[in-house]
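Source file: model.cif. Holds: mmCIF, C-alpha atoms (C1' of nucleotides).
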data_model
loop_
_atom_site.label_atom_id
_atom_site.label_comp_id
_atom_site.auth_asym_id
_atom_site.auth_seq_id
_atom_site.Cartn_x
_atom_site.Cartn_y
_atom_site.Cartn_z
CA MET D 1 21.20 8.10 8.89
CA ILE D 2 18.91 5.14 9.27
CA SER D 3 17.39 4.48 5.84
CA THR D 4 13.80 3.61 5.11
CA LYS D 5 14.83 -0.01 4.81
CA GLY D 6 15.89 -0.17 8.41
CA ARG D 7 12.96 1.83 9.64
CA TYR D 8 10.38 -0.10 7.65
CA ALA D 9 11.92 -3.42 8.64
CA LEU D 10 11.50 -2.48 12.27
CA ARG D 11 7.86 -1.65 11.66
CA VAL D 12 7.31 -4.96 9.89
CA MET D 13 8.84 -6.80 12.82
CA ILE D 14 6.66 -4.89 15.28
CA ASP D 15 3.61 -5.62 13.16
CA LEU D 16 4.41 -9.33 13.21
CA ALA D 17 5.16 -9.26 16.91
CA GLU D 18 1.70 -7.92 17.53
CA ALA D 19 0.03 -10.55 15.36
CA ASP D 20 -1.07 -14.03 16.32
CA PRO D 21 2.28 -15.87 16.57
CA ASP D 22 0.94 -19.00 14.84
CA ARG D 23 -0.52 -17.22 11.86
CA PHE D 24 1.20 -16.41 8.60
CA VAL D 25 0.50 -12.75 7.99
CA PRO D 26 0.27 -11.78 4.30
CA LEU D 27 2.37 -8.86 3.16
CA LYS D 28 -0.66 -7.11 1.77
CA GLU D 29 -2.03 -6.75 5.28
CA ILE D 30 1.19 -5.38 6.67
CA ALA D 31 1.52 -2.96 3.77
CA GLU D 32 -1.97 -1.60 4.39
CA ARG D 33 -1.60 -1.34 8.12
CA GLN D 34 1.80 0.31 7.87
CA ASP D 35 1.03 2.47 4.87
CA ILE D 36 4.03 1.28 2.90
CA SER D 37 4.03 0.06 -0.69
CA LYS D 38 3.75 -3.72 -0.79
CA LYS D 39 6.24 -3.84 -3.64
CA TYR D 40 8.88 -2.05 -1.65
CA LEU D 41 8.19 -4.18 1.39
CA GLU D 42 8.95 -7.26 -0.69
CA ILE D 43 12.58 -6.20 -0.82
CA ILE D 44 12.63 -5.64 2.90
CA VAL D 45 11.03 -8.91 3.95
CA HIS D 46 13.32 -10.72 1.56
CA SER D 47 16.29 -9.46 3.57
CA LEU D 48 14.55 -10.38 6.80
CA VAL D 49 13.98 -13.91 5.52
CA GLU D 50 17.59 -14.16 4.37
CA GLY D 51 18.70 -13.08 7.83
CA ASN D 52 16.47 -15.71 9.47
CA MET D 53 14.43 -13.10 11.26
CA ILE D 54 11.18 -14.31 9.72
CA VAL D 55 9.91 -17.16 7.55
CA GLY D 56 7.50 -16.99 4.66
CA THR D 57 5.29 -19.50 2.91
CA SER D 58 3.77 -19.10 -0.52
CA GLY D 59 0.28 -19.84 -1.62
CA LYS D 60 -3.12 -19.26 -0.18
CA GLY D 61 -2.99 -18.81 3.55
CA GLY D 62 0.66 -17.91 3.21
CA GLY D 63 2.51 -14.92 4.55
CA TYR D 64 5.23 -14.25 7.07
CA LYS D 65 5.81 -14.92 10.73
CA LEU D 66 8.59 -14.52 13.26
CA THR D 67 11.10 -17.31 13.82
CA ARG D 68 11.50 -16.61 17.53
CA ASP D 69 9.68 -15.09 20.44
CA PRO D 70 9.45 -11.28 20.07
CA SER D 71 11.45 -10.83 23.26
CA GLU D 72 14.41 -12.57 21.67
CA TYR D 73 15.04 -9.93 19.01
CA THR D 74 17.13 -6.85 19.56
CA VAL D 75 16.61 -3.68 17.58
CA GLY D 76 20.34 -3.72 16.85
CA GLU D 77 20.37 -6.98 14.98
CA ILE D 78 17.39 -5.97 12.86
CA LEU D 79 18.90 -2.62 11.94
CA GLU D 80 22.35 -4.02 11.30
CA LEU D 81 20.91 -6.63 8.97
CA MET D 82 19.16 -3.97 6.92
CA GLU D 83 21.80 -1.27 6.99
CA LYS D 84 24.74 -3.63 6.54
CA THR D 85 26.58 -1.62 9.15
CA LEU D 86 25.67 0.60 12.06
CA SER D 87 29.04 2.30 11.95
CA CYS D 88 29.03 6.02 11.64
CA VAL D 89 32.24 6.44 9.69
CA ALA D 90 33.79 4.66 6.74
CA CYS D 91 36.97 3.83 8.63
CA LEU D 92 35.03 1.70 11.14
CA ALA D 93 32.39 0.27 8.82
CA ASP D 94 34.84 -1.96 7.00
CA PRO D 95 36.79 -4.08 9.51
CA GLU D 96 39.27 -4.99 6.75
CA TYR D 97 40.27 -1.41 6.26
CA ASP D 98 43.50 -0.52 8.00
CA CYS D 99 43.81 3.25 8.00
CA PRO D 100 47.41 4.44 7.59
CA ARG D 101 46.69 7.39 9.83
CA LYS D 102 45.09 5.50 12.66
CA SER D 103 48.00 5.74 15.06
CA GLN D 104 48.11 9.52 14.81
CA CYS D 105 44.43 10.20 14.14
CA ARG D 106 42.96 12.64 16.64
CA THR D 107 39.41 11.79 15.70
CA LEU D 108 39.46 8.00 15.68
CA PRO D 109 38.90 7.66 19.45
CA LEU D 110 35.83 9.86 19.09
CA TRP D 111 34.35 7.67 16.36
CA GLU D 112 35.13 4.55 18.30
CA GLU D 113 33.40 5.87 21.37
CA TYR D 114 30.45 6.96 19.27
CA ASP D 115 30.27 3.59 17.57
CA HIS D 116 30.30 1.79 20.85
CA MET D 117 27.56 3.99 22.24
CA ILE D 118 25.30 3.36 19.25
CA ARG D 119 25.82 -0.38 19.36
CA SER D 120 25.04 -0.58 23.07
CA PHE D 121 21.98 1.52 22.56
CA PHE D 122 20.47 -0.54 19.76
CA TYR D 123 21.55 -3.94 21.00
CA GLY D 124 20.20 -3.02 24.41
CA LYS D 125 16.70 -2.53 23.05
CA LYS D 126 14.48 -5.52 22.52
CA LEU D 127 11.71 -5.65 19.97
CA THR D 128 9.27 -6.01 22.84
CA ASP D 129 10.45 -2.68 24.23
CA LEU D 130 8.77 -1.06 21.26
CA LEU D 131 5.34 -2.58 21.76
CA MET Q 1 26.89 8.23 8.63
CA ILE Q 2 29.22 11.14 9.15
CA SER Q 3 30.46 12.24 5.72
CA THR Q 4 33.98 13.19 4.79
CA LYS Q 5 32.97 16.83 5.02
CA GLY Q 6 32.19 16.51 8.69
CA ARG Q 7 35.20 14.38 9.43
CA TYR Q 8 37.61 16.54 7.47
CA ALA Q 9 36.19 19.72 8.99
CA LEU Q 10 36.90 18.34 12.42
CA ARG Q 11 40.47 17.58 11.40
CA VAL Q 12 40.92 21.08 10.02
CA MET Q 13 39.66 22.54 13.28
CA ILE Q 14 42.00 20.34 15.29
CA ASP Q 15 44.88 21.30 13.03
CA LEU Q 16 44.14 24.99 13.60
CA ALA Q 17 43.67 24.45 17.32
CA GLU Q 18 47.17 23.03 17.48
CA ALA Q 19 48.70 25.90 15.50
CA ASP Q 20 49.93 29.23 16.81
CA PRO Q 21 46.64 31.04 17.56
CA ASP Q 22 47.91 34.33 16.12
CA ARG Q 23 49.11 32.92 12.85
CA PHE Q 24 47.11 32.54 9.65
CA VAL Q 25 47.69 28.98 8.55
CA PRO Q 26 47.64 28.50 4.77
CA LEU Q 27 45.38 25.76 3.46
CA LYS Q 28 48.26 24.18 1.61
CA GLU Q 29 49.91 23.36 4.92
CA ILE Q 30 46.78 21.86 6.40
CA ALA Q 31 46.17 19.82 3.26
CA GLU Q 32 49.66 18.39 3.40
CA ARG Q 33 49.57 17.66 7.10
CA GLN Q 34 46.16 16.08 6.93
CA ASP Q 35 46.66 14.32 3.64
CA ILE Q 36 43.54 15.75 2.08
CA SER Q 37 43.29 17.40 -1.34
CA LYS Q 38 43.62 21.14 -0.98
CA LYS Q 39 40.94 21.65 -3.60
CA TYR Q 40 38.42 19.65 -1.62
CA LEU Q 41 39.38 21.37 1.59
CA GLU Q 42 38.52 24.69 -0.03
CA ILE Q 43 34.87 23.66 0.00
CA ILE Q 44 35.08 22.65 3.61
CA VAL Q 45 36.82 25.74 4.94
CA HIS Q 46 34.37 27.85 2.98
CA SER Q 47 31.55 26.38 5.06
CA LEU Q 48 33.56 26.86 8.22
CA VAL Q 49 34.07 30.52 7.35
CA GLU Q 50 30.38 30.94 6.54
CA GLY Q 51 29.53 29.43 9.91
CA ASN Q 52 31.92 31.82 11.66
CA MET Q 53 34.06 29.00 12.95
CA ILE Q 54 37.19 30.39 11.31
CA VAL Q 55 38.35 33.46 9.43
CA GLY Q 56 40.55 33.67 6.38
CA THR Q 57 42.68 36.36 4.80
CA SER Q 58 43.92 36.41 1.25
CA GLY Q 59 47.34 37.28 -0.02
CA LYS Q 60 50.82 36.43 1.03
CA GLY Q 61 50.95 35.50 4.67
CA GLY Q 62 47.28 34.70 4.51
CA GLY Q 63 45.45 31.60 5.59
CA TYR Q 64 42.92 30.64 8.21
CA LYS Q 65 42.64 30.84 11.95
CA LEU Q 66 40.06 30.15 14.62
CA THR Q 67 37.64 32.83 15.74
CA ARG Q 68 37.51 31.69 19.35
CA ASP Q 69 39.54 29.82 21.89
CA PRO Q 70 39.69 26.09 21.03
CA SER Q 71 37.96 25.24 24.30
CA GLU Q 72 34.91 27.17 23.19
CA TYR Q 73 34.02 24.89 20.29
CA THR Q 74 31.94 21.77 20.63
CA VAL Q 75 32.27 18.87 18.25
CA GLY Q 76 28.50 19.00 17.85
CA GLU Q 77 28.33 22.47 16.39
CA ILE Q 78 31.12 21.73 13.94
CA LEU Q 79 29.51 18.52 12.73
CA GLU Q 80 26.04 19.99 12.56
CA LEU Q 81 27.32 22.88 10.47
CA MET Q 82 28.83 20.48 7.96
CA GLU Q 83 26.18 17.78 7.93
CA LYS Q 84 23.22 20.20 8.07
CA THR Q 85 21.59 17.85 10.56
CA LEU Q 86 22.72 15.31 13.09
CA SER Q 87 19.35 13.59 13.07
CA CYS Q 88 19.32 9.92 12.34
CA VAL Q 89 15.95 9.72 10.63
CA ALA Q 90 14.18 11.83 8.05
CA CYS Q 91 11.15 12.39 10.28
CA LEU Q 92 13.29 14.22 12.86
CA ALA Q 93 15.73 15.94 10.52
CA ASP Q 94 13.13 18.37 9.21
CA PRO Q 95 11.41 20.12 12.11
CA GLU Q 96 8.68 21.34 9.73
CA TYR Q 97 7.63 17.82 8.88
CA ASP Q 98 4.57 16.71 10.78
CA CYS Q 99 4.23 12.96 10.34
CA PRO Q 100 0.61 11.82 10.09
CA ARG Q 101 1.50 8.59 11.89
CA LYS Q 102 3.37 10.15 14.78
CA SER Q 103 0.67 9.58 17.38
CA GLN Q 104 0.53 5.86 16.67
CA CYS Q 105 4.15 5.31 15.60
CA ARG Q 106 5.81 2.60 17.64
CA THR Q 107 9.28 3.60 16.52
CA LEU Q 108 9.22 7.37 16.97
CA PRO Q 109 10.11 7.26 20.69
CA LEU Q 110 13.13 5.14 19.80
CA TRP Q 111 14.37 7.65 17.24
CA GLU Q 112 13.78 10.52 19.61
CA GLU Q 113 15.76 8.85 22.33
CA TYR Q 114 18.53 8.05 19.86
CA ASP Q 115 18.56 11.59 18.54
CA HIS Q 116 18.84 13.01 22.01
CA MET Q 117 21.67 10.67 22.89
CA ILE Q 118 23.67 11.66 19.82
CA ARG Q 119 23.19 15.36 20.39
CA SER Q 120 24.28 15.12 24.02
CA PHE Q 121 27.28 13.10 23.00
CA PHE Q 122 28.57 15.49 20.35
CA TYR Q 123 27.62 18.72 22.09
CA GLY Q 124 29.24 17.37 25.23
CA LYS Q 125 32.62 17.06 23.52
CA LYS Q 126 34.83 20.08 23.16
CA LEU Q 127 37.37 20.53 20.43
CA THR Q 128 40.03 20.53 23.12
CA ASP Q 129 38.94 17.06 24.19
CA LEU Q 130 40.35 15.80 20.91
CA LEU Q 131 43.83 17.25 21.33
"C1'" DT O 1 55.88 48.06 -9.16
"C1'" DC O 2 56.39 43.45 -9.91
"C1'" DT O 3 55.95 38.85 -8.15
"C1'" DA O 4 54.77 35.19 -5.36
"C1'" DA O 5 51.63 33.42 -2.32
"C1'" DT O 6 47.42 33.13 -0.83
"C1'" DA O 7 42.16 33.03 -0.48
"C1'" DC O 8 37.91 33.17 -3.07
"C1'" DC O 9 34.57 31.89 -6.84
"C1'" DT O 10 31.94 29.19 -10.35
"C1'" DA O 11 31.36 25.11 -12.81
"C1'" DT O 12 31.50 20.35 -13.89
"C1'" DT O 13 31.85 15.37 -13.24
"C1'" DA O 14 31.70 10.58 -11.90
"C1'" DT O 15 29.89 7.31 -8.97
"C1'" DA O 16 26.98 5.24 -5.89
"C1'" DG O 17 23.13 4.57 -3.06
"C1'" DC O 18 18.34 5.30 -2.04
"C1'" DA O 19 13.64 4.66 -2.72
"C1'" DC O 20 11.07 2.85 -5.27
"C1'" DT O 21 8.09 0.30 -9.58
"C1'" DG O 22 6.83 -3.58 -12.95
"C1'" DG O 23 6.10 -7.97 -14.70
"C1'" DG O 24 6.06 -12.39 -14.27
"C1'" DA O 25 7.13 -17.35 -12.34
"C1'" DT O 26 6.27 -20.47 -8.68
"C1'" DA O 27 3.80 -22.52 -4.76
"C1'" DA O 28 -0.06 -23.98 -2.05
"C1'" DA O 29 -4.90 -24.25 -0.45
"C1'" DT O 30 -9.82 -24.68 -1.73
"C1'" DA I 1 -8.79 -24.48 -12.05
"C1'" DT I 2 -8.77 -20.59 -9.51
"C1'" DT I 3 -7.35 -17.75 -6.06
"C1'" DT I 4 -4.04 -16.04 -3.01
"C1'" DA I 5 0.22 -15.69 -1.86
"C1'" DT I 6 5.48 -15.58 -2.01
"C1'" DC I 7 9.61 -15.41 -4.78
"C1'" DC I 8 12.65 -13.62 -8.40
"C1'" DC I 9 14.82 -10.47 -11.70
"C1'" DA I 10 15.13 -6.28 -13.80
"C1'" DG I 11 14.92 -1.42 -14.37
"C1'" DT I 12 14.28 3.79 -13.17
"C1'" DG I 13 14.63 8.52 -11.40
"C1'" DC I 14 16.67 11.18 -8.18
"C1'" DT I 15 19.87 13.09 -5.02
"C1'" DA I 16 24.07 13.39 -2.40
"C1'" DT I 17 28.82 12.54 -2.04
"C1'" DA I 18 33.36 13.29 -3.11
"C1'" DA I 19 35.70 15.22 -5.53
"C1'" DT I 20 38.34 18.08 -9.83
"C1'" DA I 21 39.33 22.15 -12.95
"C1'" DG I 22 40.37 26.60 -13.99
"C1'" DG I 23 40.17 31.00 -13.13
"C1'" DT I 24 39.92 35.88 -10.39
"C1'" DA I 25 40.97 38.85 -6.52
"C1'" DT I 26 43.84 40.20 -2.73
"C1'" DT I 27 47.93 41.08 -0.12
"C1'" DA I 28 52.86 41.18 1.56
"C1'" DG I 29 57.21 41.82 0.56
"C1'" DA I 30 61.55 42.29 -2.65
#

Translate the structure of the given file into C-alpha cells.
Amino acid sequence: MISTKGRYALRVMIDLAEADPDRFVPLKEIAERQDISKKYLEIIVHSLVEGNMIVGTSGKGGGYKLTRDPSEYTVGEILELMEKTLSCVACLADPEYDCPRKSQCRTLPLWEEYDHMIRSFFYGKKLTDLL
Amino acid sequence: MISTKGRYALRVMIDLAEADPDRFVPLKEIAERQDISKKYLEIIVHSLVEGNMIVGTSGKGGGYKLTRDPSEYTVGEILELMEKTLSCVACLADPEYDCPRKSQCRTLPLWEEYDHMIRSFFYGKKLTDLL
DNA sequence: TCTAATACCTATTATAGCACTGGGATAAAT
DNA sequence: ATTTATCCCAGTGCTATAATAGGTATTAGA
C-alpha cells in the first residue's frame, strides 16, 4: 500500500507545480489548500528537500519551490523517495537479501513481473501528467 | 506490500496443486517442504478453508486438498482473500468511503488506474501459470 | 479399544511502522 | 524588534504483522 507520506508528497509536488515557479510557497498555504496538517507536512517536505526534489528557505517570504521543471519529475521517483521502496514483497525490497529458496521458488517470477510492471507504471508517469 | 500471509498462502496452494489431487496432504508435510512454521500455516490454511479454496479433514490420513481443479483458481482471488484488499490506497480500499476531495483530487485518477492494473494482473494469472 | 496422527480452536506476545503532535531554535525580511 | 517562516528533535497512540503456545476434537488403523 502507498502510505499517506507518498500520497501527500505527491500532492505537495502537484501544488508546487501549479504555483508560480519563481515564488517560495509557504507550507502553511499548502497545508490549507491540501487540507493536511502543517506539522505532518513538515516531515514530508523534509524528505523532499533531502531528496533534492524541492528547496526551502527560512524567514519571511520563505517557503518551498521545485528544483526542476515540473515535466522533469516522474511519479516513480517521488513515491520511491517517500516509501523507501516500491517493491511489493520483502524478498525484492532489499537487494542485499539473497533468498535461499530463489532457485526453486515458484512465486518469485510472479513478484518480479509484478515489480517490473509497477516500476514502469510509476516511472512512466510525469508530474505534469497529473495536472 | 504483499504480506507473508498472501505469499505463503500462494505457496500452500501451489504445493497442493502439485500433489495428488485425491490425497489429503497433512500440513506437516507442506510446512516442511515450504520451510514455513506449521503453527503459522495453521492460521493461513484456516483462512483458505473459510474462503472455500481448500477443504480439510481431521484424524489420521487427514490433511488438506483443493476444492477445484488447479486451473480454476486465479492468483488474484487467493491474494485478495488473504490480504482483504488488493487496493493500493486507503481511499479505494474501502468502497464505503466517499472522499470529500474526490472531485478535485489530482491523484485519484492515478490510483484508480493503478488499482485497475493490479487487479487485471493478478486476476489474469491462474494458479497453474505458476507451476 | 487404544493409539497415533491429524485438524481445529483460543489466547498471547513482541516488534515495527504508521500517522501524527508539540515545543522550541534558527533564519531572514521589513 | 517583530513577524514570518523553515528546521530540528522528541514523543505518542494505534494497529497490523508475524508469529508462538497449549490445548481439544476427530479419525484411521493396529

task: Given the file shown, enumerate the residues that the PyMOL selection byres ((chain D) within 10 of (chain O)) captures and present them as a PyMOL selection string.
output: chain D and resi 3-5+37+39-40+57-62

field: Counting all atoms listed in the file, the option among D:Ile36, D:Ile118, D:Ile43, D:Ala19 closest to chain I
entry: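 Distance minimum relative to chain I lands on D:Ile43.
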
- prompt: Could you write out as a list in words the residues that the PyMOL selection byres ((chain I) within 7 of (chain D)) matches in the shown file?
  reply: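 Output of the PyMOL selection byres ((chain I) within 7 of (chain D)): DT4, DA5 and DT6 of chain I.
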
Wanna dump the chain Q-chain D contacts at 7 Å for me, each residue with its shortest atom pair and the distance in Å to one decimal, counting all atoms listed in the file, ordered by chain and number, as JSON lines?
{"residue": "Q:Met1", "atom": "CA", "partner": "D:Cys88", "partner_atom": "CA", "distance": 4.3}
{"residue": "Q:Ile2", "atom": "CA", "partner": "D:Val89", "partner_atom": "CA", "distance": 5.6}
{"residue": "Q:Cys88", "atom": "CA", "partner": "D:Met1", "partner_atom": "CA", "distance": 4.3}
{"residue": "Q:Val89", "atom": "CA", "partner": "D:Ile2", "partner_atom": "CA", "distance": 5.6}
{"residue": "Q:Arg106", "atom": "CA", "partner": "D:Leu130", "partner_atom": "CA", "distance": 5.9}
{"residue": "Q:Thr107", "atom": "CA", "partner": "D:Leu130", "partner_atom": "CA", "distance": 6.7}
{"residue": "Q:Leu130", "atom": "CA", "partner": "D:Arg106", "partner_atom": "CA", "distance": 5.9}
{"residue": "Q:Leu131", "atom": "CA", "partner": "D:Arg106", "partner_atom": "CA", "distance": 6.6}

Any chance you could fit chain D onto chain Q with least squares, all Cα atoms in order, and share the moved copy as an mmCIF file with C-alpha atoms, in the coordinates of the input?
data_model
loop_
_atom_site.group_PDB
_atom_site.id
_atom_site.type_symbol
_atom_site.label_atom_id
_atom_site.label_comp_id
_atom_site.auth_asym_id
_atom_site.auth_seq_id
_atom_site.Cartn_x
_atom_site.Cartn_y
_atom_site.Cartn_z
ATOM 1 C CA MET D 1 26.886 8.201 8.642
ATOM 2 C CA ILE D 2 29.228 11.095 9.185
ATOM 3 C CA SER D 3 30.460 12.171 5.744
ATOM 4 C CA THR D 4 33.983 13.127 4.824
ATOM 5 C CA LYS D 5 32.965 16.755 5.056
ATOM 6 C CA GLY D 6 32.214 16.473 8.726
ATOM 7 C CA ARG D 7 35.218 14.341 9.450
ATOM 8 C CA TYR D 8 37.639 16.502 7.498
ATOM 9 C CA ALA D 9 36.219 19.675 9.013
ATOM 10 C CA LEU D 10 36.935 18.298 12.452
ATOM 11 C CA ARG D 11 40.503 17.553 11.439
ATOM 12 C CA VAL D 12 40.932 21.055 10.046
ATOM 13 C CA MET D 13 39.672 22.521 13.297
ATOM 14 C CA ILE D 14 42.034 20.327 15.313
ATOM 15 C CA ASP D 15 44.901 21.314 13.047
ATOM 16 C CA LEU D 16 44.142 24.989 13.616
ATOM 17 C CA ALA D 17 43.706 24.467 17.330
ATOM 18 C CA GLU D 18 47.193 23.065 17.487
ATOM 19 C CA ALA D 19 48.699 25.942 15.520
ATOM 20 C CA ASP D 20 49.909 29.280 16.800
ATOM 21 C CA PRO D 21 46.609 31.072 17.556
ATOM 22 C CA ASP D 22 47.827 34.391 16.113
ATOM 23 C CA ARG D 23 49.015 32.990 12.825
ATOM 24 C CA PHE D 24 47.019 32.583 9.648
ATOM 25 C CA VAL D 25 47.630 29.026 8.540
ATOM 26 C CA PRO D 26 47.540 28.515 4.753
ATOM 27 C CA LEU D 27 45.324 25.754 3.447
ATOM 28 C CA LYS D 28 48.210 24.190 1.603
ATOM 29 C CA GLU D 29 49.867 23.405 4.914
ATOM 30 C CA ILE D 30 46.763 21.872 6.394
ATOM 31 C CA ALA D 31 46.167 19.824 3.259
ATOM 32 C CA GLU D 32 49.684 18.403 3.411
ATOM 33 C CA ARG D 33 49.628 17.688 7.099
ATOM 34 C CA GLN D 34 46.203 16.077 6.939
ATOM 35 C CA ASP D 35 46.698 14.301 3.644
ATOM 36 C CA ILE D 36 43.554 15.720 2.095
ATOM 37 C CA SER D 37 43.263 17.370 -1.307
ATOM 38 C CA LYS D 38 43.568 21.134 -0.969
ATOM 39 C CA LYS D 39 40.848 21.599 -3.561
ATOM 40 C CA TYR D 40 38.369 19.576 -1.588
ATOM 41 C CA LEU D 41 39.332 21.319 1.620
ATOM 42 C CA GLU D 42 38.428 24.630 0.003
ATOM 43 C CA ILE D 43 34.791 23.590 0.052
ATOM 44 C CA ILE D 44 35.049 22.579 3.667
ATOM 45 C CA VAL D 45 36.762 25.698 4.969
ATOM 46 C CA HIS D 46 34.296 27.784 3.020
ATOM 47 C CA SER D 47 31.494 26.285 5.106
ATOM 48 C CA LEU D 48 33.509 26.805 8.265
ATOM 49 C CA VAL D 49 34.002 30.465 7.381
ATOM 50 C CA GLU D 50 30.310 30.850 6.580
ATOM 51 C CA GLY D 51 29.486 29.354 9.964
ATOM 52 C CA ASN D 52 31.870 31.766 11.717
ATOM 53 C CA MET D 53 34.029 28.959 12.997
ATOM 54 C CA ILE D 54 37.149 30.352 11.346
ATOM 55 C CA VAL D 55 38.258 33.447 9.440
ATOM 56 C CA GLY D 56 40.415 33.634 6.357
ATOM 57 C CA THR D 57 42.493 36.342 4.745
ATOM 58 C CA SER D 58 43.715 36.365 1.175
ATOM 59 C CA GLY D 59 47.106 37.238 -0.118
ATOM 60 C CA LYS D 60 50.610 36.490 0.947
ATOM 61 C CA GLY D 61 50.790 35.587 4.592
ATOM 62 C CA GLY D 62 47.117 34.732 4.455
ATOM 63 C CA GLY D 63 45.358 31.598 5.573
ATOM 64 C CA TYR D 64 42.854 30.622 8.213
ATOM 65 C CA LYS D 65 42.591 30.839 11.964
ATOM 66 C CA LEU D 66 40.030 30.130 14.653
ATOM 67 C CA THR D 67 37.602 32.828 15.759
ATOM 68 C CA ARG D 68 37.510 31.679 19.377
ATOM 69 C CA ASP D 69 39.554 29.817 21.915
ATOM 70 C CA PRO D 70 39.717 26.081 21.065
ATOM 71 C CA SER D 71 37.988 25.242 24.334
ATOM 72 C CA GLU D 72 34.921 27.160 23.225
ATOM 73 C CA TYR D 73 34.045 24.865 20.326
ATOM 74 C CA THR D 74 31.980 21.738 20.671
ATOM 75 C CA VAL D 75 32.302 18.835 18.283
ATOM 76 C CA GLY D 76 28.524 18.960 17.882
ATOM 77 C CA GLU D 77 28.367 22.424 16.433
ATOM 78 C CA ILE D 78 31.148 21.684 13.960
ATOM 79 C CA LEU D 79 29.535 18.470 12.770
ATOM 80 C CA GLU D 80 26.057 19.934 12.600
ATOM 81 C CA LEU D 81 27.319 22.811 10.492
ATOM 82 C CA MET D 82 28.866 20.423 7.992
ATOM 83 C CA GLU D 83 26.216 17.732 7.956
ATOM 84 C CA LYS D 84 23.271 20.126 8.048
ATOM 85 C CA THR D 85 21.638 17.810 10.540
ATOM 86 C CA LEU D 86 22.769 15.252 13.070
ATOM 87 C CA SER D 87 19.386 13.575 13.040
ATOM 88 C CA CYS D 88 19.336 9.921 12.279
ATOM 89 C CA VAL D 89 15.969 9.739 10.571
ATOM 90 C CA ALA D 90 14.193 11.865 8.002
ATOM 91 C CA CYS D 91 11.191 12.454 10.242
ATOM 92 C CA LEU D 92 13.355 14.263 12.819
ATOM 93 C CA ALA D 93 15.804 15.969 10.476
ATOM 94 C CA ASP D 94 13.230 18.402 9.155
ATOM 95 C CA PRO D 95 11.518 20.197 12.061
ATOM 96 C CA GLU D 96 8.823 21.435 9.653
ATOM 97 C CA TYR D 97 7.752 17.941 8.817
ATOM 98 C CA ASP D 98 4.672 16.842 10.703
ATOM 99 C CA CYS D 99 4.328 13.099 10.269
ATOM 100 C CA PRO D 100 0.695 11.965 10.024
ATOM 101 C CA ARG D 101 1.574 8.764 11.818
ATOM 102 C CA LYS D 102 3.424 10.295 14.712
ATOM 103 C CA SER D 103 0.725 9.761 17.303
ATOM 104 C CA GLN D 104 0.559 6.039 16.604
ATOM 105 C CA CYS D 105 4.163 5.450 15.547
ATOM 106 C CA ARG D 106 5.815 2.724 17.597
ATOM 107 C CA THR D 107 9.281 3.687 16.470
ATOM 108 C CA LEU D 108 9.265 7.451 16.916
ATOM 109 C CA PRO D 109 10.144 7.328 20.639
ATOM 110 C CA LEU D 110 13.152 5.192 19.754
ATOM 111 C CA TRP D 111 14.417 7.700 17.196
ATOM 112 C CA GLU D 112 13.832 10.559 19.561
ATOM 113 C CA GLU D 113 15.802 8.875 22.289
ATOM 114 C CA TYR D 114 18.555 8.053 19.830
ATOM 115 C CA ASP D 115 18.622 11.606 18.544
ATOM 116 C CA HIS D 116 18.886 12.992 22.010
ATOM 117 C CA MET D 117 21.712 10.641 22.884
ATOM 118 C CA ILE D 118 23.718 11.634 19.813
ATOM 119 C CA ARG D 119 23.244 15.332 20.421
ATOM 120 C CA SER D 120 24.336 15.078 24.048
ATOM 121 C CA PHE D 121 27.322 13.059 23.029
ATOM 122 C CA PHE D 122 28.610 15.448 20.383
ATOM 123 C CA TYR D 123 27.670 18.669 22.115
ATOM 124 C CA GLY D 124 29.294 17.341 25.261
ATOM 125 C CA LYS D 125 32.662 17.024 23.560
ATOM 126 C CA LYS D 126 34.857 20.059 23.212
ATOM 127 C CA LEU D 127 37.404 20.503 20.471
ATOM 128 C CA THR D 128 40.080 20.512 23.146
ATOM 129 C CA ASP D 129 38.991 17.036 24.215
ATOM 130 C CA LEU D 130 40.399 15.793 20.938
ATOM 131 C CA LEU D 131 43.873 17.244 21.327
#

field: Computed interatomic separation between atom C1' of I:DG22 and atom CA of Q:Val45 (Å)
entry: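 A separation of 19.3 Å between them.
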
message: Between atom CA of Q:Lys38 and atom C1' of I:DA28, what distance in Å does the model show, to one decimal?
response: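 That distance, rounded to one decimal, is 22.2 Å.
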